[in-house]
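The data block below is coords-v2.json; it holds JSON, C-alpha atoms.
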```json
[["chain", "number", "residue", "atom", "x", "y", "z"],
["C", 7, "MET", "CA", 71.81, 93.98, 101.03],
["C", 8, "ARG", "CA", 69.31, 94.35, 103.85],
["C", 9, "PRO", "CA", 65.92, 95.58, 102.48],
["C", 10, "LEU", "CA", 64.45, 98.64, 104.16],
["C", 11, "ARG", "CA", 60.96, 98.12, 105.50],
["C", 12, "ALA", "CA", 57.99, 100.31, 104.72],
["C", 13, "GLY", "CA", 57.15, 103.04, 107.18],
["C", 14, "ARG", "CA", 60.10, 102.39, 109.47],
["C", 15, "HIS", "CA", 63.35, 104.08, 110.28],
["C", 16, "ARG", "CA", 66.63, 102.26, 110.80],
["C", 17, "GLY", "CA", 69.07, 104.08, 113.04],
["C", 18, "GLY", "CA", 67.26, 107.36, 112.41],
["C", 19, "ARG", "CA", 67.56, 106.97, 108.65],
["C", 20, "GLU", "CA", 64.75, 107.59, 106.22],
["C", 21, "THR", "CA", 63.63, 104.61, 104.16],
["C", 22, "VAL", "CA", 62.72, 104.64, 100.49],
["C", 23, "ASP", "CA", 59.10, 103.88, 101.40],
["C", 24, "ASP", "CA", 58.82, 107.19, 103.24],
["C", 25, "PHE", "CA", 58.87, 108.99, 99.86],
["C", 26, "THR", "CA", 55.40, 109.66, 98.42],
["C", 27, "GLY", "CA", 53.95, 110.95, 95.13],
["C", 28, "ASP", "CA", 53.91, 109.35, 91.67],
["C", 29, "ALA", "CA", 57.48, 110.32, 90.77],
["C", 30, "GLY", "CA", 58.65, 109.41, 94.25],
["C", 31, "GLN", "CA", 56.96, 106.01, 94.14],
["C", 32, "ARG", "CA", 58.41, 105.31, 90.71],
["C", 33, "LEU", "CA", 61.88, 106.22, 91.92],
["C", 34, "ALA", "CA", 61.48, 104.23, 95.15],
["C", 35, "ALA", "CA", 60.31, 101.16, 93.25],
["C", 36, "ARG", "CA", 63.20, 101.41, 90.82],
["C", 37, "PHE", "CA", 65.72, 101.90, 93.65],
["C", 38, "GLU", "CA", 64.47, 98.79, 95.47],
["C", 39, "ALA", "CA", 64.47, 96.73, 92.27],
["C", 40, "ASP", "CA", 68.01, 97.90, 91.47],
["C", 41, "ARG", "CA", 69.29, 97.55, 95.03],
["C", 42, "PRO", "CA", 71.28, 94.32, 94.37],
["C", 43, "HIS", "CA", 72.97, 95.91, 91.36],
["C", 44, "LEU", "CA", 73.66, 99.19, 93.16],
["C", 45, "ALA", "CA", 74.99, 97.32, 96.19],
["C", 46, "ALA", "CA", 77.30, 95.27, 93.96],
["C", 47, "VAL", "CA", 78.67, 98.45, 92.36],
["C", 48, "ALA", "CA", 79.17, 100.13, 95.74],
["C", 49, "TYR", "CA", 80.88, 97.11, 97.29],
["C", 50, "ARG", "CA", 83.33, 96.68, 94.42],
["C", 51, "LEU", "CA", 84.14, 100.37, 94.49],
["C", 52, "LEU", "CA", 84.58, 100.53, 98.27],
["C", 53, "GLY", "CA", 85.49, 97.00, 99.34],
["C", 54, "SER", "CA", 83.44, 97.33, 102.53],
["C", 55, "ALA", "CA", 79.89, 96.13, 103.13],
["C", 56, "THR", "CA", 79.35, 98.76, 105.83],
["C", 57, "GLU", "CA", 80.57, 101.60, 103.62],
["C", 58, "ALA", "CA", 78.51, 100.25, 100.71],
["C", 59, "ASP", "CA", 75.40, 100.39, 102.90],
["C", 60, "ASP", "CA", 76.22, 103.98, 103.84],
["C", 61, "ALA", "CA", 76.81, 104.87, 100.19],
["C", 62, "LEU", "CA", 73.42, 103.50, 99.16],
["C", 63, "GLN", "CA", 71.70, 105.42, 101.93],
["C", 64, "GLU", "CA", 73.43, 108.65, 100.89],
["C", 65, "ALA", "CA", 72.64, 107.95, 97.22],
["C", 66, "TRP", "CA", 68.96, 107.52, 98.07],
["C", 67, "LEU", "CA", 68.88, 110.80, 99.97],
["C", 68, "ARG", "CA", 70.44, 112.54, 96.98],
["C", 69, "ALA", "CA", 68.18, 110.80, 94.47],
["C", 70, "ARG", "CA", 64.94, 111.73, 96.23],
["C", 71, "GLN", "CA", 65.91, 115.41, 96.13],
["C", 72, "ALA", "CA", 66.43, 115.36, 92.35],
["C", 73, "ASP", "CA", 63.91, 115.90, 89.58],
["C", 74, "THR", "CA", 63.75, 112.53, 87.82],
["C", 75, "GLY", "CA", 60.66, 113.19, 85.74],
["C", 76, "GLU", "CA", 62.65, 113.35, 82.52],
["C", 77, "VAL", "CA", 65.12, 110.56, 83.35],
["C", 78, "GLY", "CA", 64.57, 107.74, 80.87],
["C", 79, "ASN", "CA", 67.05, 105.21, 82.26],
["C", 80, "LEU", "CA", 66.62, 105.30, 86.02],
["C", 81, "THR", "CA", 68.93, 102.35, 86.57],
["C", 82, "GLY", "CA", 71.79, 104.08, 84.78],
["C", 83, "TRP", "CA", 71.04, 107.34, 86.58],
["C", 84, "LEU", "CA", 70.98, 105.65, 89.99],
["C", 85, "THR", "CA", 74.25, 103.89, 89.18],
["C", 86, "THR", "CA", 75.75, 107.30, 88.46],
["C", 87, "VAL", "CA", 74.50, 108.70, 91.77],
["C", 88, "VAL", "CA", 75.91, 105.74, 93.72],
["C", 89, "THR", "CA", 79.22, 106.00, 91.88],
["C", 90, "ARG", "CA", 79.56, 109.71, 92.68],
["C", 91, "VAL", "CA", 78.98, 109.01, 96.37],
["C", 92, "CYS", "CA", 81.54, 106.17, 96.32],
["C", 93, "LEU", "CA", 84.05, 108.31, 94.45],
["C", 94, "ASN", "CA", 83.83, 110.98, 97.15],
["C", 95, "LEU", "CA", 84.38, 108.33, 99.81],
["C", 96, "LEU", "CA", 87.37, 106.91, 97.94],
["C", 97, "ARG", "CA", 88.94, 110.35, 97.59],
["C", 98, "ALA", "CA", 88.40, 111.11, 101.27],
["C", 99, "ARG", "CA", 89.88, 107.74, 102.20],
["C", 100, "ARG", "CA", 92.94, 108.35, 100.04],
["C", 101, "ASN", "CA", 93.47, 111.76, 101.60],
["C", 102, "ARG", "CA", 93.32, 110.33, 105.13],
["C", 103, "ARG", "CA", 95.36, 107.16, 104.79],
["C", 104, "GLU", "CA", 95.76, 107.08, 108.53],
["C", 105, "ASP", "CA", 93.87, 103.83, 108.30],
["C", 106, "ALA", "CA", 93.82, 101.86, 111.53],
["C", 107, "LEU", "CA", 94.52, 98.69, 109.53],
["C", 108, "ASP", "CA", 98.05, 99.95, 108.88],
["C", 109, "ALA", "CA", 98.76, 100.00, 112.59],
["C", 110, "HIS", "CA", 101.19, 97.45, 114.01],
["C", 111, "ASP", "CA", 98.58, 95.50, 115.92],
["C", 112, "SER", "CA", 97.68, 91.85, 115.70],
["C", 113, "PRO", "CA", 96.05, 90.79, 112.41],
["C", 114, "ALA", "CA", 93.62, 88.73, 114.46],
["C", 115, "ALA", "CA", 91.99, 91.99, 115.55],
["C", 116, "ALA", "CA", 90.80, 92.58, 112.00],
["C", 117, "VAL", "CA", 88.14, 89.89, 112.15],
["C", 118, "THR", "CA", 86.24, 91.78, 114.86],
["C", 119, "GLU", "CA", 86.37, 95.28, 113.39],
["C", 120, "SER", "CA", 83.57, 94.94, 110.84],
["C", 121, "GLY", "CA", 79.98, 95.55, 111.83],
["C", 122, "ASP", "CA", 79.04, 92.14, 110.40],
["C", 123, "PRO", "CA", 82.19, 90.02, 109.95],
["C", 124, "ALA", "CA", 80.34, 87.06, 108.44],
["C", 125, "ARG", "CA", 78.72, 89.24, 105.79],
["C", 126, "GLU", "CA", 81.99, 91.03, 105.05],
["C", 127, "ALA", "CA", 83.71, 87.66, 104.62],
["C", 128, "LEU", "CA", 80.96, 86.33, 102.34],
["C", 129, "LEU", "CA", 81.07, 89.36, 100.05],
["C", 130, "ALA", "CA", 84.86, 89.38, 99.96],
["C", 131, "ASP", "CA", 84.83, 85.72, 98.96],
["C", 132, "GLU", "CA", 82.33, 86.38, 96.18],
["C", 133, "VAL", "CA", 84.44, 89.16, 94.65],
["C", 134, "GLY", "CA", 87.84, 87.68, 95.49],
["C", 135, "ILE", "CA", 89.96, 88.78, 98.42],
["C", 136, "ALA", "CA", 93.11, 89.13, 96.32],
["C", 137, "LEU", "CA", 91.22, 91.24, 93.76],
["C", 138, "LEU", "CA", 89.99, 93.56, 96.51],
["C", 139, "VAL", "CA", 93.59, 93.98, 97.68],
["C", 140, "VAL", "CA", 94.66, 95.04, 94.19],
["C", 141, "LEU", "CA", 91.66, 97.34, 93.73],
["C", 142, "ASP", "CA", 92.63, 99.13, 96.94],
["C", 143, "THR", "CA", 95.99, 100.07, 95.38],
["C", 144, "LEU", "CA", 94.31, 101.92, 92.49],
["C", 145, "SER", "CA", 93.59, 105.61, 92.44],
["C", 146, "PRO", "CA", 89.90, 106.52, 92.85],
["C", 147, "ALA", "CA", 89.60, 107.38, 89.15],
["C", 148, "GLU", "CA", 91.31, 104.13, 88.08],
["C", 149, "ARG", "CA", 89.08, 102.09, 90.36],
["C", 150, "VAL", "CA", 85.89, 103.70, 89.06],
["C", 151, "ALA", "CA", 86.96, 103.31, 85.43],
["C", 152, "PHE", "CA", 87.95, 99.65, 85.86],
["C", 153, "VAL", "CA", 85.02, 98.55, 88.03],
["C", 154, "LEU", "CA", 82.31, 100.24, 85.98],
["C", 155, "HIS", "CA", 83.70, 99.21, 82.59],
["C", 156, "ASP", "CA", 85.25, 95.79, 83.20],
["C", 157, "MET", "CA", 82.81, 94.52, 85.83],
["C", 158, "PHE", "CA", 79.55, 96.22, 84.81],
["C", 159, "ALA", "CA", 80.08, 96.98, 81.10],
["C", 160, "VAL", "CA", 79.41, 100.71, 81.47],
["C", 161, "PRO", "CA", 80.66, 102.55, 78.35],
["C", 162, "PHE", "CA", 83.65, 104.83, 78.77],
["C", 163, "GLU", "CA", 81.57, 107.72, 77.42],
["C", 164, "GLU", "CA", 79.31, 107.43, 80.47],
["C", 165, "ILE", "CA", 82.15, 106.95, 82.96],
["C", 166, "ALA", "CA", 84.23, 109.89, 81.74],
["C", 167, "PRO", "CA", 82.06, 112.71, 83.20],
["C", 168, "LEU", "CA", 82.06, 111.02, 86.62],
["C", 169, "ILE", "CA", 85.84, 111.22, 86.93],
["C", 170, "GLU", "CA", 86.20, 114.46, 84.99],
["C", 171, "ARG", "CA", 88.12, 112.91, 82.09],
["C", 172, "ASN", "CA", 87.43, 112.48, 78.39],
["C", 173, "PRO", "CA", 86.58, 108.98, 77.11],
["C", 174, "ALA", "CA", 90.08, 108.37, 75.75],
["C", 175, "ALA", "CA", 91.71, 109.22, 79.08],
["C", 176, "THR", "CA", 89.12, 107.09, 80.89],
["C", 177, "ARG", "CA", 89.97, 104.15, 78.64],
["C", 178, "GLN", "CA", 93.66, 104.61, 79.51],
["C", 179, "LEU", "CA", 92.86, 104.63, 83.24],
["C", 180, "ALA", "CA", 90.92, 101.39, 82.91],
["C", 181, "SER", "CA", 93.74, 99.84, 80.89],
["C", 182, "ARG", "CA", 96.30, 100.86, 83.50],
["C", 183, "ALA", "CA", 94.12, 99.42, 86.25],
["C", 184, "ARG", "CA", 93.68, 96.20, 84.26],
["C", 185, "ARG", "CA", 97.44, 95.76, 84.06],
["C", 186, "ARG", "CA", 97.69, 96.24, 87.83],
["C", 187, "VAL", "CA", 94.96, 93.68, 88.39],
["C", 188, "ARG", "CA", 96.67, 91.17, 86.15],
["C", 189, "GLY", "CA", 99.94, 91.71, 87.98],
["C", 190, "ARG", "CA", 103.01, 89.67, 87.20],
["C", 191, "GLU", "CA", 102.94, 86.38, 85.37],
["C", 192, "PRO", "CA", 102.73, 83.28, 87.56],
["C", 193, "VAL", "CA", 106.06, 81.62, 88.17],
["C", 194, "PRO", "CA", 106.00, 78.52, 85.94],
["C", 195, "THR", "CA", 106.30, 75.20, 87.76],
["C", 196, "ALA", "CA", 105.66, 71.68, 86.54],
["C", 197, "ASP", "CA", 103.13, 71.03, 89.31],
["C", 198, "ALA", "CA", 101.50, 74.47, 89.51],
["C", 199, "GLY", "CA", 97.99, 73.01, 89.35],
["C", 200, "ARG", "CA", 98.66, 70.55, 92.13],
["C", 201, "ARG", "CA", 100.17, 73.26, 94.32],
["C", 202, "ARG", "CA", 97.15, 75.45, 93.85],
["C", 203, "GLU", "CA", 94.87, 72.57, 94.78],
["C", 204, "ALA", "CA", 96.90, 71.99, 97.93],
["C", 205, "VAL", "CA", 96.68, 75.66, 98.94],
["C", 206, "GLU", "CA", 92.94, 75.73, 98.28],
["C", 207, "ALA", "CA", 92.52, 72.53, 100.30],
["C", 208, "PHE", "CA", 94.59, 74.04, 103.14],
["C", 209, "LEU", "CA", 92.27, 77.06, 103.26],
["C", 210, "ALA", "CA", 89.11, 74.94, 103.04],
["C", 211, "ALA", "CA", 90.28, 72.64, 105.84],
["C", 212, "THR", "CA", 91.23, 75.60, 108.03],
["C", 213, "ARG", "CA", 87.88, 77.33, 107.47],
["C", 214, "GLY", "CA", 86.00, 74.12, 108.12],
["C", 215, "GLY", "CA", 88.01, 73.09, 111.16],
["C", 216, "ASP", "CA", 88.90, 69.78, 109.47],
["C", 217, "PHE", "CA", 92.05, 68.73, 111.31],
["C", 218, "THR", "CA", 92.33, 65.38, 109.51],
["C", 219, "ALA", "CA", 92.19, 66.94, 106.04],
["C", 220, "LEU", "CA", 94.69, 69.62, 107.03],
["C", 221, "PHE", "CA", 97.09, 67.12, 108.61],
["C", 222, "ALA", "CA", 97.05, 65.07, 105.39],
["C", 223, "LEU", "CA", 98.37, 68.05, 103.39],
["C", 224, "LEU", "CA", 101.45, 68.54, 105.58],
["C", 225, "ALA", "CA", 104.81, 66.81, 105.43],
["C", 226, "PRO", "CA", 105.76, 65.21, 108.77],
["C", 227, "ASP", "CA", 108.61, 67.68, 109.28],
["C", 228, "VAL", "CA", 106.77, 70.76, 107.97],
["C", 229, "ALA", "CA", 108.05, 74.03, 109.41],
["C", 230, "LEU", "CA", 105.89, 77.11, 109.98],
["C", 231, "ARG", "CA", 107.69, 80.44, 110.39],
["C", 232, "ALA", "CA", 105.80, 83.56, 111.44],
["C", 233, "ASP", "CA", 107.21, 87.05, 111.89],
["C", 234, "ALA", "CA", 106.86, 88.81, 115.23],
["C", 235, "LEU", "CA", 103.70, 90.72, 114.21],
["C", 236, "VAL", "CA", 101.60, 87.70, 113.32],
["C", 237, "VAL", "CA", 100.64, 86.77, 116.89],
["C", 238, "PRO", "CA", 102.29, 89.18, 117.97],
["C", 239, "THR", "CA", 105.33, 87.92, 119.85],
["C", 240, "PRO", "CA", 108.60, 89.58, 120.90],
["C", 241, "GLU", "CA", 110.48, 87.41, 118.38],
["C", 242, "PRO", "CA", 109.61, 85.52, 115.18],
["C", 243, "LEU", "CA", 107.93, 82.20, 115.83],
["C", 244, "THR", "CA", 108.83, 78.78, 114.42],
["C", 245, "VAL", "CA", 106.66, 75.67, 114.76],
["C", 246, "GLN", "CA", 107.92, 72.27, 113.58],
["C", 247, "GLY", "CA", 105.91, 69.15, 112.81],
["C", 248, "ALA", "CA", 102.60, 68.35, 111.11],
["C", 249, "GLU", "CA", 100.51, 68.02, 114.25],
["C", 250, "PRO", "CA", 101.45, 71.32, 115.96],
["C", 251, "VAL", "CA", 101.25, 73.19, 112.64],
["C", 252, "ALA", "CA", 97.79, 71.77, 111.97],
["C", 253, "ARG", "CA", 96.62, 72.61, 115.49],
["C", 254, "GLY", "CA", 97.90, 76.15, 115.07],
["C", 255, "ALA", "CA", 95.91, 76.48, 111.84],
["C", 256, "MET", "CA", 92.77, 75.27, 113.64],
["C", 257, "ALA", "CA", 93.22, 78.18, 116.07],
["C", 258, "ALA", "CA", 93.07, 80.59, 113.11],
["C", 259, "MET", "CA", 89.62, 79.60, 111.84],
["C", 260, "ALA", "CA", 88.19, 83.09, 112.40],
["C", 261, "ARG", "CA", 91.09, 84.64, 110.54],
["C", 262, "ALA", "CA", 90.58, 82.20, 107.65],
["C", 263, "ARG", "CA", 87.15, 83.72, 106.90],
["C", 264, "LEU", "CA", 88.91, 86.78, 105.54],
["C", 265, "THR", "CA", 91.61, 84.81, 103.70],
["C", 266, "GLY", "CA", 91.74, 83.94, 100.02],
["C", 267, "VAL", "CA", 93.99, 82.32, 97.45],
["C", 268, "ALA", "CA", 96.35, 84.77, 95.76],
["C", 269, "LEU", "CA", 99.53, 85.04, 93.76],
["C", 270, "LEU", "CA", 102.39, 86.20, 95.97],
["C", 271, "ASP", "CA", 105.23, 87.37, 93.74],
["C", 272, "GLY", "CA", 103.87, 85.00, 91.12],
["C", 273, "ARG", "CA", 103.52, 81.95, 93.39],
["C", 274, "VAL", "CA", 100.25, 80.65, 94.75],
["C", 275, "GLY", "CA", 99.65, 81.40, 98.42],
["C", 276, "LEU", "CA", 97.08, 82.93, 100.76],
["C", 277, "VAL", "CA", 96.33, 86.51, 101.73],
["C", 278, "MET", "CA", 94.26, 87.63, 104.68],
["C", 279, "ALA", "CA", 92.74, 91.06, 104.13],
["C", 280, "GLU", "CA", 89.91, 93.21, 105.45],
["C", 281, "ARG", "CA", 88.32, 95.84, 103.24],
["C", 282, "GLY", "CA", 91.11, 95.38, 100.73],
["C", 283, "HIS", "CA", 93.90, 95.93, 103.25],
["C", 284, "PRO", "CA", 96.32, 92.96, 103.43],
["C", 285, "ARG", "CA", 97.00, 91.94, 107.01],
["C", 286, "LEU", "CA", 99.14, 88.88, 106.44],
["C", 287, "VAL", "CA", 100.19, 86.43, 103.73],
["C", 288, "LEU", "CA", 101.08, 82.74, 103.81],
["C", 289, "ALA", "CA", 103.73, 81.52, 101.37],
["C", 290, "PHE", "CA", 104.12, 77.75, 100.87],
["C", 291, "THR", "CA", 106.92, 75.42, 99.86],
["C", 292, "PHE", "CA", 106.32, 71.87, 98.68],
["C", 293, "GLY", "CA", 108.15, 68.60, 98.59],
["C", 294, "ALA", "CA", 108.50, 66.29, 95.60],
["C", 295, "ASP", "CA", 105.48, 64.34, 96.85],
["C", 296, "GLY", "CA", 103.29, 67.46, 96.78],
["C", 297, "LEU", "CA", 103.04, 67.79, 100.56],
["C", 298, "ILE", "CA", 103.55, 71.18, 102.19],
["C", 299, "THR", "CA", 107.04, 71.37, 103.69],
["C", 300, "GLY", "CA", 107.10, 75.03, 104.73],
["C", 301, "ILE", "CA", 104.72, 77.88, 105.54],
["C", 302, "ASP", "CA", 106.06, 81.42, 105.93],
["C", 303, "ILE", "CA", 103.62, 83.93, 107.42],
["C", 304, "THR", "CA", 104.30, 87.62, 107.00],
["C", 305, "ALA", "CA", 102.39, 90.39, 108.79],
["C", 306, "ASP", "CA", 104.98, 93.16, 108.92],
["C", 307, "PRO", "CA", 103.45, 96.07, 106.90],
["C", 308, "LYS", "CA", 106.75, 97.03, 105.28],
["C", 309, "ARG", "CA", 107.36, 93.50, 104.10],
["C", 310, "LEU", "CA", 103.75, 93.16, 102.95],
["C", 311, "ARG", "CA", 104.07, 96.26, 100.78],
["C", 312, "ALA", "CA", 107.07, 94.69, 99.04],
["C", 313, "ILE", "CA", 105.07, 91.61, 98.00],
["C", 314, "ASP", "CA", 103.26, 91.67, 94.66],
["C", 315, "ILE", "CA", 99.78, 90.36, 95.57],
["C", 316, "GLY", "CA", 97.43, 89.48, 92.74],
["C", 317, "PRO", "CA", 94.40, 87.35, 91.87],
["C", 318, "VAL", "CA", 94.96, 83.80, 90.65],
["C", 319, "ASP", "CA", 92.09, 83.60, 88.16],
["C", 320, "THR", "CA", 92.77, 86.65, 86.00],
["C", 321, "ASP", "CA", 92.44, 86.23, 82.23],
["C", 322, "ARG", "CA", 95.70, 86.97, 80.48]]
```

Rewrite the coordinates I just gave you, this time as structure tokens.
Amino acid sequence: MRPLRAGRHRGGRETVDDFTGDAGQRLAARFEADRPHLAAVAYRLLGSATEADDALQEAWLRARQADTGEVGNLTGWLTTVVTRVCLNLLRARRNRREDALDAHDSPAAAVTESGDPAREALLADEVGIALLVVLDTLSPAERVAFVLHDMFAVPFEEIAPLIERNPAATRQLASRARRRVRGREPVPTADAGRRREAVEAFLAATRGGDFTALFALLAPDVALRADALVVPTPEPLTVQGAEPVARGAMAAMARARLTGVALLDGRVGLVMAERGHPRLVLAFTFGADGLITGIDITADPKRLRAIDIGPVDTDR
């Protein structure tokens, strides 16, 4: 997260160093020391670096108005304040659901919508793009229960008051969310490990603009099929041959920043998503020699909603 500088205002916002007095200085020092932790909580709850920044700013404004003289565990208290702010944002987001990312525009537009696309992509990669997609399908209460307990080891007894449940009900919410995160079992194949390596190598080569490495992964007669909303085009698009398919992938380097490995209906593939919203998926088929023989790209929202998208590295 970007540190706030002493005595300055950013976009008209008050910084933590503008707060004076012994209690205020203690709180400000604790907030700055805990900023990485608080930012991590906010990002996993919201899936957006920009919204996480806003949540931390709002949490600070709330915190400085509170009497913290008797608060023994300031870190835990600040985590609670940040979580309440994020929970309100999640509930408001769920009530709107007129999200622009559901519009039938080109998925390529997604890479320019964030305030800092590179930072958004870095954070999404750290958490896992597929995991963020699954988290976005949870209810606000499920997301809070799962993130705080499973990712930050917060006891259910402390989470329960935040979501207005008792500890037993909170445990059930986290368990339900955990099952959603785990998703369906991977489809068993004899060469599952090799296929995953090929998909990871495909993504790495696309991100890095390594045409030679990408070309080496493709069968000579590989076929890429994309639905009409991928580009978009009036009709679905088909590209045949290793060289044109590889060159097409090179043109999608910006899109690859927001793409991660995922399970698509139990098979390893790629999902491009922004702020937890899937924009397109790439499903792969392989030949006996392990080379990629087919790539099917789906961007149609209705078809995307029918695909079970899940993380690859989830403990089972």

Discussion item. Here's a test: counting only C-alpha atoms, identify every protein, DNA and RNA residue with an atom at most 10 Å from (80.4, 106.2, 96.9) in the file's coordinate frame, and state them as a VMD selection string.
Written reply: chain C and resid 47 to 49 51 to 52 57 to 62 64 to 65 86 to 97 150

Restricting the output to C-alpha atoms, write the selected residues as a PDB file, in the frame of the given file.
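In the end it all went to result_25.pdb:
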```pdb
ATOM      1  CA  VAL C  47      78.670  98.450  92.360  1.00  0.00           C
ATOM      2  CA  ALA C  48      79.170 100.130  95.740  1.00  0.00           C
ATOM      3  CA  TYR C  49      80.880  97.110  97.290  1.00  0.00           C
ATOM      4  CA  LEU C  51      84.140 100.370  94.490  1.00  0.00           C
ATOM      5  CA  LEU C  52      84.580 100.530  98.270  1.00  0.00           C
ATOM      6  CA  GLU C  57      80.570 101.600 103.620  1.00  0.00           C
ATOM      7  CA  ALA C  58      78.510 100.250 100.710  1.00  0.00           C
ATOM      8  CA  ASP C  59      75.400 100.390 102.900  1.00  0.00           C
ATOM      9  CA  ASP C  60      76.220 103.980 103.840  1.00  0.00           C
ATOM     10  CA  ALA C  61      76.810 104.870 100.190  1.00  0.00           C
ATOM     11  CA  LEU C  62      73.420 103.500  99.160  1.00  0.00           C
ATOM     12  CA  GLU C  64      73.430 108.650 100.890  1.00  0.00           C
ATOM     13  CA  ALA C  65      72.640 107.950  97.220  1.00  0.00           C
ATOM     14  CA  THR C  86      75.750 107.300  88.460  1.00  0.00           C
ATOM     15  CA  VAL C  87      74.500 108.700  91.770  1.00  0.00           C
ATOM     16  CA  VAL C  88      75.910 105.740  93.720  1.00  0.00           C
ATOM     17  CA  THR C  89      79.220 106.000  91.880  1.00  0.00           C
ATOM     18  CA  ARG C  90      79.560 109.710  92.680  1.00  0.00           C
ATOM     19  CA  VAL C  91      78.980 109.010  96.370  1.00  0.00           C
ATOM     20  CA  CYS C  92      81.540 106.170  96.320  1.00  0.00           C
ATOM     21  CA  LEU C  93      84.050 108.310  94.450  1.00  0.00           C
ATOM     22  CA  ASN C  94      83.830 110.980  97.150  1.00  0.00           C
ATOM     23  CA  LEU C  95      84.380 108.330  99.810  1.00  0.00           C
ATOM     24  CA  LEU C  96      87.370 106.910  97.940  1.00  0.00           C
ATOM     25  CA  ARG C  97      88.940 110.350  97.590  1.00  0.00           C
ATOM     26  CA  VAL C 150      85.890 103.700  89.060  1.00  0.00           C
TER      27      VAL C 150
END
```

Discussion item. When you count only C-alpha atoms, which of these residues is closest to C:Lys308: C:Ala72, C:Leu235, C:Leu269, C:Leu243?
Written reply: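 Among the listed residues, the smallest separation from C:Lys308 belongs to C:Leu235.
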
Discussion item. If I take atom CA of C:Ala124 and atom CA of C:Ala210, how far is one from the other in Å, to one decimal?
Written reply: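 Answer for the atom CA of C:Ala124 to atom CA of C:Ala210 separation: 15.9 Å.
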
Against stretch 248-267 of chain C, which residues of stretch 196-240 of chain C fall within 9 Å? For each one I want the closest pair of atoms and the distance in Å (one decimal), counting all atoms listed in the file, rows by chain and increasing residue number, as a tab-separated table.
```
residue	atom	partner	partner_atom	distance
C:Arg202	CA	C:Val267	CA	8.4
C:Val205	CA	C:Val267	CA	7.3
C:Glu206	CA	C:Val267	CA	6.7
C:Leu209	CA	C:Ala262	CA	7.0
C:Ala210	CA	C:Ala262	CA	8.7
C:Ala211	CA	C:Met256	CA	8.6
C:Thr212	CA	C:Met259	CA	5.8
C:Arg213	CA	C:Met259	CA	5.2
C:Gly214	CA	C:Met259	CA	7.5
C:Gly215	CA	C:Met256	CA	5.8
C:Asp216	CA	C:Met256	CA	7.9
C:Phe217	CA	C:Ala252	CA	6.5
C:Thr218	CA	C:Ala252	CA	8.8
C:Leu220	CA	C:Ala252	CA	6.2
C:Phe221	CA	C:Ala252	CA	5.8
C:Ala222	CA	C:Ala248	CA	8.6
C:Leu223	CA	C:Ala248	CA	8.8
C:Leu224	CA	C:Ala248	CA	5.7
C:Ala225	CA	C:Ala248	CA	6.3
C:Pro226	CA	C:Ala248	CA	5.0
C:Asp227	CA	C:Ala248	CA	6.3
C:Val228	CA	C:Ala248	CA	5.7
C:Ala229	CA	C:Val251	CA	7.6
C:Leu230	CA	C:Val251	CA	6.6
```

Worksheet item: Can you tell me, as a list in words, what residues are no more than 10 Å from C:Pro161 when counting all atoms listed in the file, ignoring any on the same chain fewer than 3 positions away?
Response: Ala151, Leu154, His155, Asp156, Phe158, Glu164, Ile165, Ala166, Pro173, Thr176 and Arg177 of chain C

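Distances here use only C-alpha atoms; by that measure, the residue among C:Arg285, C:Arg68, C:Arg273, C:Arg186 closest to C:Val318 is C:Arg273.
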
Fill in: Contact residues around C:Thr74 with all atoms listed in the file at 10 Å, ignoring same-chain residues under 2 positions, as a PyMOL selection string
chain C and resi 29-30+32-33+69-72+76-80+83

Practice prompt. Quick one: pull the distance between atom CA of C:Ala136 and atom CA of C:Pro317, Å, one decimal.
Written response: 5.0 Å

Emit as lines of an AutoDock Vina configuration file the padded axis-aligned box for all listed atoms of stretch 155-164 of chain C, 6 Å per side, with centre and edge lengths in Å to one decimal.
```
center_x = 82.3
center_y = 101.1
center_z = 81.6
size_x = 17.9
size_y = 25.2
size_z = 20.4
```

Response to the item:
Shortest contact to C:Ala35, candidates C:Thr81, C:Thr239, C:Leu168, C:Asp142, atoms counted all atoms listed in the file, goes to C:Thr81

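Counting all atoms listed in the file, C:Thr304 has the following residues at most 8 Å away, ignoring those fewer than 3 positions along the same chain: Ala232, Asp233, Leu235, Val236, Leu286, Val287, Leu288, Arg309 and Leu310 of chain C.
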
Worksheet item: When you draw a straight line from atom CA of C:Ile315 to atom CA of C:Ala175, how long is it in Å?
Response: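 Rounded to one decimal, the two atoms are 26.3 Å apart.
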